[in-house]
$ cat entry.cif   # mmCIF, C-alpha atoms and all ligand atoms
data_run
#
loop_
_atom_site.label_atom_id
_atom_site.label_comp_id
_atom_site.auth_asym_id
_atom_site.auth_seq_id
_atom_site.Cartn_x
_atom_site.Cartn_y
_atom_site.Cartn_z
CA MET A 1 -3.26 -16.62 21.00
CA LEU A 2 -0.77 -15.16 18.56
CA ILE A 3 1.22 -12.32 20.05
CA SER A 4 1.77 -9.41 17.69
CA GLU A 5 2.96 -5.85 17.97
CA GLN A 6 2.51 -2.97 15.59
CA LYS A 7 5.36 -2.12 13.27
CA PRO A 8 6.84 1.38 13.68
CA ILE A 9 4.75 3.96 11.80
CA GLU A 10 7.83 4.96 9.75
CA GLU A 11 8.06 1.42 8.39
CA ILE A 12 4.33 1.32 7.61
CA LEU A 13 4.51 4.67 5.81
CA SER A 14 7.46 3.45 3.77
CA TYR A 15 5.25 0.57 2.56
CA LEU A 16 2.62 3.10 1.45
CA ASN A 17 5.06 5.20 -0.54
CA GLY A 18 3.47 6.28 -3.81
CA GLU A 19 -0.01 5.20 -2.69
CA GLU A 20 -2.87 7.54 -1.76
CA LYS A 21 -5.81 5.42 -0.69
CA VAL A 22 -5.65 2.62 1.84
CA PHE A 23 -8.28 0.33 3.33
CA LEU A 24 -7.65 -0.68 6.95
CA VAL A 25 -8.28 -4.21 8.25
CA GLY A 26 -8.08 -5.05 11.95
CA CYS A 27 -8.63 -8.19 14.00
CA GLY A 28 -11.00 -8.50 16.96
CA GLY A 29 -9.26 -11.67 18.16
CA CYS A 30 -5.63 -11.95 19.26
CA ALA A 31 -4.61 -8.57 17.77
CA GLU A 32 -7.27 -6.81 19.82
CA GLY A 33 -6.05 -8.68 22.89
CA CYS A 34 -2.47 -7.57 22.16
CA ARG A 35 -3.63 -4.01 21.38
CA SER A 36 -1.95 -4.20 18.02
CA GLY A 37 -5.01 -4.35 15.75
CA GLY A 38 -8.41 -3.95 17.43
CA MET A 39 -10.88 -1.16 16.60
CA GLN A 40 -9.13 1.34 18.86
CA GLN A 41 -5.75 0.72 17.21
CA ALA A 42 -7.36 0.85 13.75
CA MET A 43 -8.88 4.27 14.56
CA GLU A 44 -5.51 5.48 15.87
CA MET A 45 -3.83 4.22 12.70
CA LYS A 46 -6.42 6.02 10.57
CA GLU A 47 -5.49 9.28 12.30
CA LYS A 48 -1.76 8.71 11.76
CA LEU A 49 -2.27 7.87 8.08
CA GLU A 50 -4.45 10.92 7.52
CA GLN A 51 -1.84 13.11 9.20
CA ALA A 52 0.61 11.70 6.67
CA GLY A 53 -1.68 12.76 3.82
CA LYS A 54 -3.27 9.36 3.08
CA THR A 55 -6.97 8.73 2.53
CA VAL A 56 -8.46 5.88 4.53
CA THR A 57 -11.25 4.46 2.37
CA GLY A 58 -12.71 2.26 5.09
CA ILE A 59 -12.08 0.18 8.19
CA SER A 60 -13.16 -3.37 8.88
CA VAL A 61 -12.27 -5.18 12.09
CA ILE A 62 -12.80 -8.89 11.52
CA ASP A 63 -13.68 -11.12 14.49
CA PHE A 64 -10.85 -13.51 13.64
CA ALA A 65 -8.69 -12.29 10.76
CA CYS A 66 -6.91 -15.67 10.65
CA ASN A 67 -10.08 -17.33 9.32
CA GLU A 68 -9.97 -17.04 5.54
CA GLN A 69 -13.71 -17.66 5.02
CA LEU A 70 -14.63 -15.12 7.67
CA VAL A 71 -12.31 -12.57 6.06
CA ARG A 72 -13.94 -13.19 2.68
CA LEU A 73 -17.46 -12.77 4.11
CA THR A 74 -16.65 -9.75 6.25
CA LEU A 75 -14.87 -7.86 3.47
CA GLN A 76 -17.54 -8.55 0.85
CA PRO A 77 -19.73 -5.52 1.71
CA TYR A 78 -16.64 -3.30 1.38
CA GLU A 79 -15.84 -4.44 -2.15
CA CYS A 80 -16.36 -1.00 -3.73
CA SER A 81 -14.14 0.75 -1.16
CA ILE A 82 -11.46 -1.90 -1.59
CA VAL A 83 -11.54 -1.67 -5.38
CA ASP A 84 -11.17 2.10 -4.95
CA SER A 85 -8.07 1.65 -2.76
CA ASP A 86 -4.44 1.25 -3.74
CA SER A 87 -3.88 -1.29 -1.01
CA LEU A 88 -4.96 -2.83 2.29
CA LEU A 89 -3.08 -2.34 5.54
CA VAL A 90 -3.75 -5.29 7.84
CA LEU A 91 -3.27 -4.92 11.59
CA SER A 92 -3.13 -8.55 12.69
CA CYS A 93 -0.81 -11.51 12.98
CA GLY A 94 0.85 -12.84 9.83
CA ILE A 95 -1.97 -15.32 9.27
CA GLY A 96 -4.54 -12.51 9.03
CA VAL A 97 -2.41 -10.68 6.47
CA GLN A 98 -2.19 -13.87 4.40
CA ALA A 99 -5.93 -14.47 4.69
CA ALA A 100 -6.58 -10.97 3.32
CA ALA A 101 -4.08 -11.56 0.51
CA ALA A 102 -5.83 -14.82 -0.33
CA VAL A 103 -9.23 -13.16 -0.83
CA VAL A 104 -8.36 -9.73 -2.27
CA ASP A 105 -6.40 -9.09 -5.48
CA ARG A 106 -4.76 -5.97 -4.13
CA MET A 107 -1.46 -5.14 -2.51
CA VAL A 108 -1.71 -6.14 1.17
CA HIS A 109 0.69 -4.55 3.67
CA PRO A 110 1.49 -6.14 7.04
CA GLY A 111 1.02 -3.63 9.88
CA CYS A 112 2.31 -5.88 12.64
CA ASN A 113 5.11 -8.25 13.55
CA THR A 114 4.11 -11.60 15.02
CA ILE A 115 6.55 -12.44 17.78
CA SER A 116 5.18 -15.51 19.54
CA LEU A 117 2.56 -18.21 19.35
CA GLY A 118 1.41 -17.45 22.87
CA GLY A 119 -0.24 -20.85 23.26
CA ARG A 120 -2.55 -21.40 20.29
CA HIS A 121 -2.28 -21.10 16.54
CA GLY A 122 -4.71 -19.18 14.33
CA GLU A 123 -7.75 -20.51 12.51
CA TRP A 124 -6.36 -21.15 9.01
CA HIS A 125 -8.01 -24.35 7.80
CA ASP A 126 -5.09 -26.31 6.34
CA GLY A 127 -1.72 -26.00 7.95
CA GLU A 128 0.61 -23.51 9.47
CA ARG A 129 0.87 -20.07 7.88
CA CYS A 130 3.02 -18.04 10.32
CA GLN A 131 6.03 -19.07 12.36
CA GLU A 132 6.09 -15.96 14.51
CA CYS A 133 9.44 -14.75 13.19
CA GLY A 134 9.12 -11.34 14.87
CA GLN A 135 9.92 -9.30 11.75
CA CYS A 136 7.18 -9.85 9.21
CA VAL A 137 8.41 -9.87 5.61
CA LEU A 138 5.02 -10.30 3.91
CA GLU A 139 5.43 -6.83 2.39
CA TYR A 140 8.12 -8.23 0.09
CA THR A 141 6.54 -11.57 -0.73
CA GLY A 142 3.05 -10.75 -1.98
CA GLY A 143 1.41 -11.58 1.34
CA ILE A 144 2.60 -15.21 1.34
CA CYS A 145 5.02 -16.28 4.06
CA PRO A 146 8.31 -17.72 2.76
CA ILE A 147 9.17 -18.95 6.24
CA ALA A 148 6.04 -21.06 6.67
CA ARG A 149 5.60 -22.08 3.02
CA CYS A 150 9.14 -22.71 1.75
CA ALA A 151 10.78 -25.87 3.07
CA LYS A 152 14.15 -24.10 3.15
CA GLN A 153 12.73 -20.84 4.53
CA ILE A 154 14.46 -18.90 1.77
CA LEU A 155 13.75 -15.17 1.99
CA HIS A 156 15.11 -13.87 -1.32
CA GLY A 157 13.72 -16.10 -4.07
CA PRO A 158 13.26 -19.72 -5.09
CA CYS A 159 15.97 -22.34 -4.67
CA GLY A 160 15.67 -23.45 -8.29
CA GLY A 161 14.67 -27.01 -7.49
CA SER A 162 10.93 -26.69 -7.97
CA VAL A 163 9.38 -28.85 -10.70
CA GLU A 164 5.98 -27.86 -12.12
CA GLY A 165 5.30 -25.60 -9.17
CA ARG A 166 5.90 -28.31 -6.54
CA CYS A 167 8.50 -28.16 -3.74
CA GLU A 168 11.60 -30.28 -4.36
CA VAL A 169 11.77 -31.17 -0.67
CA SER A 170 8.10 -32.22 -0.40
CA PRO A 171 6.57 -32.67 -3.88
CA ASP A 172 3.17 -33.13 -2.23
CA LEU A 173 3.29 -29.40 -1.37
CA PRO A 174 3.27 -26.38 -3.67
CA CYS A 175 6.53 -24.43 -3.90
CA GLY A 176 6.03 -21.40 -1.65
CA TRP A 177 8.06 -19.21 -3.97
CA GLN A 178 5.99 -20.26 -6.97
CA LEU A 179 2.91 -19.12 -5.01
CA ILE A 180 4.64 -15.81 -4.26
CA LEU A 181 5.57 -15.27 -7.91
CA ASP A 182 2.04 -16.17 -9.04
CA ARG A 183 0.40 -13.70 -6.66
CA LEU A 184 2.81 -10.86 -7.42
CA THR A 185 2.14 -11.46 -11.11
CA ARG A 186 -1.62 -11.44 -10.48
CA ILE A 187 -1.56 -8.08 -8.66
CA GLY A 188 0.94 -6.59 -11.13
CA ARG A 189 3.67 -6.10 -8.51
CA LEU A 190 6.60 -8.26 -9.64
CA ASP A 191 8.68 -5.09 -9.25
CA ILE A 192 8.68 -5.69 -5.48
CA LEU A 193 11.19 -8.48 -6.03
CA THR A 194 13.79 -5.87 -6.94
CA ASP A 195 13.48 -4.24 -3.49
CA VAL A 196 16.56 -4.72 -1.35
CA VAL A 197 15.31 -6.44 1.80
CA PRO A 198 17.36 -5.83 4.95
CA PRO A 199 18.95 -8.90 6.57
CA LYS A 200 16.58 -10.67 8.92
CA ASN A 201 17.04 -10.35 12.66
CA TRP A 202 15.90 -13.67 14.11
CA GLY A 203 16.68 -12.38 17.58
CA VAL A 204 13.37 -10.49 17.76
CA SER A 205 11.28 -13.67 17.63
CA LEU A 206 10.31 -15.07 21.00
CA THR A 207 10.30 -18.54 19.40
CA GLY A 208 14.10 -18.35 19.13
CA GLY A 209 14.44 -18.31 15.33
CA PRO A 210 14.36 -20.96 12.62
CA PRO A 211 15.01 -24.64 13.36
CA THR A 212 18.67 -25.45 12.92
CA VAL A 213 20.20 -28.65 11.58
CA PRO A 214 22.80 -30.05 13.95
CA ILE A 215 26.24 -30.25 12.30
CA LYS A 216 28.23 -33.39 13.09
CA LYS A 217 31.78 -32.86 14.25
CA ARG A 218 34.40 -35.10 12.61
S1 LIG A 301 7.08 -13.32 7.83
FE1 LIG A 301 5.88 -15.19 8.10
S2 LIG A 301 6.60 -16.02 10.07
FE2 LIG A 301 7.21 -13.88 10.01
S3 LIG A 301 5.55 -12.77 11.07
FE3 LIG A 301 5.14 -12.69 8.82
S4 LIG A 301 3.79 -14.43 8.45
FE4 LIG A 301 4.74 -14.79 10.45
S1 LIG A 302 11.19 -25.81 -4.16
FE1 LIG A 302 10.25 -23.85 -3.53
S2 LIG A 302 9.34 -24.24 -1.50
FE2 LIG A 302 10.71 -25.95 -1.95
S3 LIG A 302 12.63 -25.37 -0.99
FE3 LIG A 302 12.78 -24.66 -3.11
S4 LIG A 302 12.00 -22.53 -3.10
FE4 LIG A 302 11.41 -23.48 -1.16
#

$ encode --input "entry.cif" --output "structure tokens"
Amino acid sequence: MLISEQKPIEEILSYLNGEEKVFLVGCGGCAEGCRSGGMQQAMEMKEKLEQAGKTVTGISVIDFACNEQLVRLTLQPYECSIVDSDSLLVLSCGIGVQAAAAVVDRMVHPGCNTISLGGRHGEWHDGERCQECGQCVLEYTGGICPIARCAKQILHGPCGGSVEGRCEVSPDLPCGWQLILDRLTRIGRLDILTDVVPPKNWGVSLTGGPPTVPIKKR
């Protein structure tokens, strides 16, 4: 179970700056268990967004938002509402946000921070997608996690070593930052890369932060 908590409403509203219509996605799995993204929290979020002058075009609470195929199937009937929206706000762990970003060519905002694995990873079919950093940065990276998908966990852009879209550390894997650039290009939001992102506070992750390389003393 992935442990997540909702981001402060002020932070969520700052993501929605300049947007009017938003489609809400929740998760009936871990996020419901954590009370960060089940139906009740989605309804409460709808009220807060409407109080702030936003229009909520629809709500879908997916049984397991970390399952990309399930997200695709569940969101299909809402296609018209989603096309009519400026963005999606996803109340789930980081994997659910990335699953939504993988199936919808729209801006996808993370509504939660994932703070701990809590025992079991999500249902993404091929590899790890969230390292429970406690301060989700998917807002700034097109809904693709630079911590899970970049070998150097770089938060502010590519290292420059990628060749033909592959990672210089593991050429068998795609460069995470190339994926980020491709998606931001696809949704017409490359401008996000000019946002100044606050320094990351690794202290809020219950996993204890990124792996460190031991430095040998002379
Ligand atoms: S930035 Fe990545 S590691 Fe951190 S919560 Fe979001 S998806 Fe998970
Ligand atoms: S090549 Fe891409 S994924 Fe690999 S370390 Fe550099 S930026 Fe990260």

$ residues_around --input "entry.cif" --residues "Lys54 in chain A" --least-positions-apart "5" --cutoff "8 Å" --atoms "all atoms listed in the file" --output "PyMOL selection string"
chain A and resi 19-22+49

$ closest_atom_pairs --input "entry.cif" --of "chain A" --to "ligand LIG 302 (chain A)" --cutoff "10 Å" --atoms "only C-alpha atoms and all ligand atoms" --output "CSV"
residue,atom,partner,partner_atom,distance
A:Pro146,CA,A:LIG302,FE4,7.6
A:Ile147,CA,A:LIG302,FE4,9.0
A:Ala148,CA,A:LIG302,S2,9.4
A:Arg149,CA,A:LIG302,S2,6.3
A:Cys150,CA,A:LIG302,S2,3.6
A:Ala151,CA,A:LIG302,S3,4.5
A:Lys152,CA,A:LIG302,S3,4.6
A:Gln153,CA,A:LIG302,FE4,6.4
A:Ile154,CA,A:LIG302,FE4,6.2
A:Leu155,CA,A:LIG302,S4,9.1
A:His156,CA,A:LIG302,S4,9.4
A:Gly157,CA,A:LIG302,S4,6.7
A:Pro158,CA,A:LIG302,S4,3.7
A:Cys159,CA,A:LIG302,FE3,4.2
A:Gly160,CA,A:LIG302,FE3,6.1
A:Gly161,CA,A:LIG302,S1,5.0
A:Ser162,CA,A:LIG302,S1,3.9
A:Val163,CA,A:LIG302,S1,7.4
A:Glu164,CA,A:LIG302,S1,9.7
A:Gly165,CA,A:LIG302,FE1,7.7
A:Arg166,CA,A:LIG302,S1,6.3
A:Cys167,CA,A:LIG302,S1,3.6
A:Glu168,CA,A:LIG302,S1,4.5
A:Val169,CA,A:LIG302,FE2,5.5
A:Ser170,CA,A:LIG302,FE2,7.0
A:Pro171,CA,A:LIG302,FE2,8.1
A:Leu173,CA,A:LIG302,S2,8.0
A:Pro174,CA,A:LIG302,S2,6.8
A:Cys175,CA,A:LIG302,S2,3.7
A:Gly176,CA,A:LIG302,S2,4.4
A:Trp177,CA,A:LIG302,FE1,5.1
A:Gln178,CA,A:LIG302,FE1,6.5
A:Leu179,CA,A:LIG302,FE1,8.9
A:Ile180,CA,A:LIG302,FE1,9.8

$ closest_residue --input "entry.cif" --among "A:Arg35, A:Arg72, A:Arg129, A:Arg186" --to "ligand LIG 301 (chain A)" --atoms "only C-alpha atoms and all ligand atoms"
A:Arg129

$ axis_aligned_box --input "entry.cif" --around "range 40-45 of chain A" --padding-each-side "4 Å" --output "JSON"
{"center_x": -6.5, "center_y": 3.1, "center_z": 15.8, "size_x": 13.3, "size_y": 12.8, "size_z": 14.2}

$ atom_distance --input "entry.cif" --atom1 "CA of Asp105 in chain A" --atom2 "CA of Leu181 in chain A"
13.7 Å

$ closest_residue --input "entry.cif" --among "A:Ser60, A:Ser14, A:Gln131, A:Thr194" --to "ligand LIG 301 (chain A)" --atoms "all atoms listed in the file"
A:Gln131
